[in-house]
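A.B. asks: Here's a structure for you.
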Amino acid sequence: MAEFRVGEDDFEVDGRPVRLLSGALHYFRVHEELWGHRLRMLRAMGLNCVETYVPWNLHEPRPGEVRDVAAVGRFLDAAREAGLWVIVRPGPYMCAEWENGGLPHWVTGPSGARIRTRDPEFLACVERWFRVLMPQIVERQLDRGGPVIMVQVENEYGSYGSDARYLRALVDLLLELGVTVPLFTSDGPEDHMLTGGSVPGILATVNFGSHAREGFATLRGHRPKGPLMCMEFWCGWFDHWGAEHVERDARDAARALREILECGASVNLYMAHGGTSFGGWSGANRGGESHDGPLEPDVTSYDYGAPVDEFGRPTEKFWLFREVLSHYASEPLPEVPGPPPVLAGPVTAELTAFTPLEGVLDALGGPESEHAVPPSFEELDVDRGLVRYAVTVPGPRRPYPLRANGLRDIAVVYVDGERAGVLTEKEPVLARPVAGHARVELWVESLGRVNYGPRTGEPKGITGGLLHERQYLHGVRARGLRLDRFVPERVAALAGGAPGGGDRGLYQGSFEVTGAGDAALELPGWVRGFVWVNGFCLGRYWAAGPQRSLYVPGPVLREGDNEVWVLEWERAGELGVRLR
């Protein structure tokens, strides 16, 4: 079996110096039937390695309820078949513009500020998870005939904390669980980040998008020896709902890549292929220099401006990178694979059945419970979805302003059955005062848990109470609706009537396909919600933009009859959903 090691100046395989030309591709953001194509695209670009995170919350949505952790092993096997080494970043935290940075809500809810520290309860949760996950990785290490050459400790920890005992506990746990390939850390090229995130005796790498020489000089100030590697070369960027689309010039990115390689360094393109945050798993950021400002929810597409776009097609950046990387390849680059099949022609899915949101909640929601103060999503065991809060204002009293303190993230408010407005974290006070004896309902949606910075793990819902003037309202009833409740057998049981009036709720329809393949789905006039095709959740749509359509992987479609569900939180648009 081969041996991969960290030398004094280079990475080495069986004593031979090697340069890692890696690219990030998240198996959980690509339909499994398309893994092979995307991995071949990376090989054709000139890469010899692929890197992936592992999202804990995707695989363990509830304590002990483990879902398809074997997918990690299947992806590693697919990478080996494609002729690629693999760098695995198992967390427990991963950022990645993913819900809660990959941490489960049932961990961050009770732990609060104790996450990502030496806290015994947090570490106990991590250990239980790693004991489930790590066999998939350990048995596929290079020295056992597999493709895995390195495993990361935590992720950009120096951007968050400074608990050296926590990092050492993770190192010890990974070694105990059988990791024999080199461990490493990755952090921004800042002194405080490297001092907070590095571990003595463990390879340190840096993350940046430009100015490679300066970044590596900072790293050398902390680690005079060892191979240089940019573990995240940010060759593009991600988008936020309600903001402008972000683009990075392809030629500028190629120049930055060339500079990294001219430094004699290894590199991991972040992202080589971004994919899609299916299933409503997009995270959110906090604005401002300290990442403590307004919420900035991430769009569903994770195209990232990567060299291989969301549909698996080569971009201008791909060809420029391929030219740069070809000078560092040990052999001629393989031919570029052809694109996957695309939908043969435009299709319109007619939505013919409708269930009001109240009926959806009654059929698929959790039990309603009463609380002194509004419970958080975490307390109601809601990861992705919404919570209906209901309260009756005591009376008699004259009308006063109603405020949802600590609202995260958006609430559609009804007073005595009539829509009264939309509240947000920035605008938490209802425009029209509310009188005594009024029944108030607040349908609160999470737009994605924070995935980076000091507010990672913050709770969702109405977190600071409901105020009528200065008085807290108590006796709040709450009922949650999780997205993972939308499965075919449950949705089929809904008693849907004819749609009409643009009401919020679940719309169902069907369409015929001849010549299945990748497609884009558009919803003219719809406001905000989620879409499923044949039971597969494509993710969130939102008229706020900049994303205007949702990617439909070809393997989700089938020849002949197909089903579509649209869950609209506010107001429906045209009843013909378009695929093209």
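Residue numbers start at 1 in each chain; chains themselves are named A, B, ... in the order of the structure tokens; ligands are numbered from 1 in the order shown.
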Among the residues of region 305-359 of chain A, find those DSSP assigns to strand (DSSP E) from the backbone and print them as a count of residues only.

C.D. replies: 10

A.B. asks: Using only C-alpha atoms, what table do you get, as JSON lines, when you list each residue of region 419-471 of chain A with an atom no more than 8 Å from region 288-311 of chain A, its nearest pair of atoms, and their distance in Å rounded to one decimal, rows by chain then rising number?

C.D. replies:
{"residue": "A:Lys426", "atom": "CA", "partner": "A:Pro294", "partner_atom": "CA", "distance": 7.7}
{"residue": "A:Leu447", "atom": "CA", "partner": "A:Pro297", "partner_atom": "CA", "distance": 6.0}
{"residue": "A:Gly448", "atom": "CA", "partner": "A:Pro297", "partner_atom": "CA", "distance": 6.1}
{"residue": "A:Tyr452", "atom": "CA", "partner": "A:His291", "partner_atom": "CA", "distance": 7.8}
{"residue": "A:Gly453", "atom": "CA", "partner": "A:His291", "partner_atom": "CA", "distance": 5.7}
{"residue": "A:Pro454", "atom": "CA", "partner": "A:His291", "partner_atom": "CA", "distance": 7.0}
{"residue": "A:Arg455", "atom": "CA", "partner": "A:Asp292", "partner_atom": "CA", "distance": 6.7}

A.B. asks: Kindly give the distance, in Å, that separates CA of Val391 (chain A) and CA of Leu506 (chain A), rounded to a single decimal.

C.D. replies: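 The value is 24.7 Å.
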
A.B. asks: Measuring between only C-alpha atoms, which one of A:Gly36, A:Gly46, A:Thr315, A:Leu575 shows the shortest distance to His327 (chain A)?

C.D. replies: A:Gly46

A.B. asks: Mind running region 104-139 of chain A against region 372-379 of chain A at 7 Å and telling me each contacting residue's nearest atom pair with the distance in Å (one decimal), counting only C-alpha atoms, chain and number ascending, as a Markdown table?

C.D. replies:
| residue | atom | partner | partner_atom | distance |
| --- | --- | --- | --- | --- |
| A:His105 | CA | A:Glu378 | CA | 6.1 |
| A:Trp106 | CA | A:Glu378 | CA | 6.4 |
| A:Gly109 | CA | A:Glu378 | CA | 5.5 |

A.B. asks: How would the residues just picked look written out with all heavy atoms as an mmCIF file, in the first residue's frame?

C.D. replies:
data_model
loop_
_atom_site.group_PDB
_atom_site.id
_atom_site.type_symbol
_atom_site.label_atom_id
_atom_site.label_comp_id
_atom_site.auth_asym_id
_atom_site.auth_seq_id
_atom_site.Cartn_x
_atom_site.Cartn_y
_atom_site.Cartn_z
ATOM 1 N N HIS A 105 -29.077 21.180 14.828
ATOM 2 C CA HIS A 105 -29.805 22.121 15.687
ATOM 3 C C HIS A 105 -29.980 21.564 17.088
ATOM 4 O O HIS A 105 -30.037 22.319 18.060
ATOM 5 C CB HIS A 105 -31.167 22.450 15.075
ATOM 6 C CG HIS A 105 -32.147 21.322 15.136
ATOM 7 N ND1 HIS A 105 -32.071 20.202 14.309
ATOM 8 C CD2 HIS A 105 -33.219 21.109 15.932
ATOM 9 C CE1 HIS A 105 -33.056 19.382 14.588
ATOM 10 N NE2 HIS A 105 -33.778 19.895 15.573
ATOM 11 N N TRP A 106 -30.045 20.235 17.189
ATOM 12 C CA TRP A 106 -30.260 19.631 18.507
ATOM 13 C C TRP A 106 -28.973 19.637 19.346
ATOM 14 O O TRP A 106 -29.024 19.339 20.549
ATOM 15 C CB TRP A 106 -30.817 18.214 18.380
ATOM 16 C CG TRP A 106 -30.049 17.284 17.484
ATOM 17 C CD1 TRP A 106 -30.271 17.037 16.162
ATOM 18 C CD2 TRP A 106 -28.920 16.484 17.850
ATOM 19 N NE1 TRP A 106 -29.362 16.125 15.679
ATOM 20 C CE2 TRP A 106 -28.521 15.770 16.694
ATOM 21 C CE3 TRP A 106 -28.211 16.285 19.043
ATOM 22 C CZ2 TRP A 106 -27.444 14.887 16.693
ATOM 23 C CZ3 TRP A 106 -27.137 15.402 19.041
ATOM 24 C CH2 TRP A 106 -26.758 14.717 17.880
ATOM 25 N N GLY A 109 -28.706 24.055 19.949
ATOM 26 C CA GLY A 109 -29.770 24.602 20.788
ATOM 27 C C GLY A 109 -29.448 24.526 22.269
ATOM 28 O O GLY A 109 -29.384 25.555 22.956
#

A.B. asks: So how far away is CA of Ser210 (chain A) from CA of Cys263 (chain A), in Å?

C.D. replies: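 If I compute the distance from CA of Cys263 (chain A) to CA of Ser210 (chain A), I get 12.6 Å.
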
A.B. asks: I need the helix (DSSP H, G or I) residues of region 103-269 of chain A per DSSP on the backbone, written as a PyMOL selection string.

C.D. replies: chain A and resi 105-114+120-138+142-144+157-159+164-176+191-197+212-222+250-262

A.B. asks: Show which residues sit within 7 Å of region 508-521 of chain A, as a PyMOL selection string. Count only C-alpha atoms, and ignore same-chain residues fewer than 4 positions away.

C.D. replies: chain A and resi 341-344+348-354+549-555+557-566+578-580

A.B. asks: Would you kindly return, as an NGL selection string, each protein, DNA or RNA residue with an atom no farther than 12 Å from any atom of Ser162 (chain A), considering only C-alpha atoms and excluding same-chain residues fewer than 4 positions away?

C.D. replies: :A and (116-118 or 156-158 or 166-168 or 192-199)

A.B. asks: Using only C-alpha atoms, which protein or nucleic acid residues come within 10 Å of Pro314 (chain A)? Drop anything in the same chain fewer than 6 positions from it, and give the result as a list in words.

C.D. replies: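 What passes the distance filter is Met41, Met45, His273, Ala306, Pro307, Val308, Val336, Pro337, Gly338 and Pro339 of chain A.
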
A.B. asks: Go ahead and write the selection's residues with N, CA, C and O atoms as a short mmCIF file (atom, residue, chain, number, x, y, z; two decimals), in the first residue's frame.

C.D. replies:
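Saved the output as out_19.cif:
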data_model
loop_
_atom_site.label_atom_id
_atom_site.label_comp_id
_atom_site.auth_asym_id
_atom_site.auth_seq_id
_atom_site.Cartn_x
_atom_site.Cartn_y
_atom_site.Cartn_z
N MET A 41 -14.76 15.67 -14.70
CA MET A 41 -14.51 17.06 -15.09
C MET A 41 -13.32 17.64 -14.32
O MET A 41 -12.50 18.38 -14.87
N MET A 45 -9.73 18.97 -15.87
CA MET A 45 -9.23 20.32 -15.65
C MET A 45 -7.76 20.31 -15.25
O MET A 45 -7.10 21.34 -15.29
N HIS A 273 -16.38 22.64 -8.34
CA HIS A 273 -17.78 22.55 -8.77
C HIS A 273 -18.64 22.75 -7.54
O HIS A 273 -18.53 22.00 -6.57
N ALA A 306 -17.83 28.79 -10.05
CA ALA A 306 -16.78 27.77 -10.12
C ALA A 306 -16.45 27.45 -11.58
O ALA A 306 -17.24 27.71 -12.48
N PRO A 307 -15.28 26.87 -11.81
CA PRO A 307 -14.91 26.51 -13.20
C PRO A 307 -15.86 25.50 -13.84
O PRO A 307 -16.04 25.51 -15.05
N VAL A 308 -16.45 24.61 -13.05
CA VAL A 308 -17.51 23.72 -13.54
C VAL A 308 -18.82 24.25 -12.94
O VAL A 308 -18.99 24.28 -11.73
N VAL A 336 -11.97 16.34 -22.04
CA VAL A 336 -13.08 16.87 -21.24
C VAL A 336 -14.34 16.09 -21.55
O VAL A 336 -14.71 15.94 -22.74
N PRO A 337 -15.03 15.56 -20.54
CA PRO A 337 -16.26 14.81 -20.79
C PRO A 337 -17.33 15.69 -21.42
O PRO A 337 -17.37 16.91 -21.20
N GLY A 338 -18.20 15.07 -22.19
CA GLY A 338 -19.34 15.81 -22.72
C GLY A 338 -20.32 16.14 -21.60
O GLY A 338 -20.29 15.55 -20.53
N PRO A 339 -21.21 17.08 -21.84
CA PRO A 339 -22.17 17.47 -20.79
C PRO A 339 -23.22 16.39 -20.58
O PRO A 339 -23.52 15.61 -21.49
#

A.B. asks: Could you work out how far CA of Leu567 (chain A) lies from CA of Leu423 (chain A), giving the answer in Å with one decimal?

C.D. replies: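 Interatomic distance, CA of Leu423 (chain A) to CA of Leu567 (chain A): 19.9 Å.
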
A.B. asks: Give me the residues near Leu538 (chain A) as a ChimeraX atom specification, where near means some atom within 8 Å (using only C-alpha atoms) and where sequence neighbours in that chain fewer than 5 positions away do not count.

C.D. replies: /A:278-280,530-533,550-552
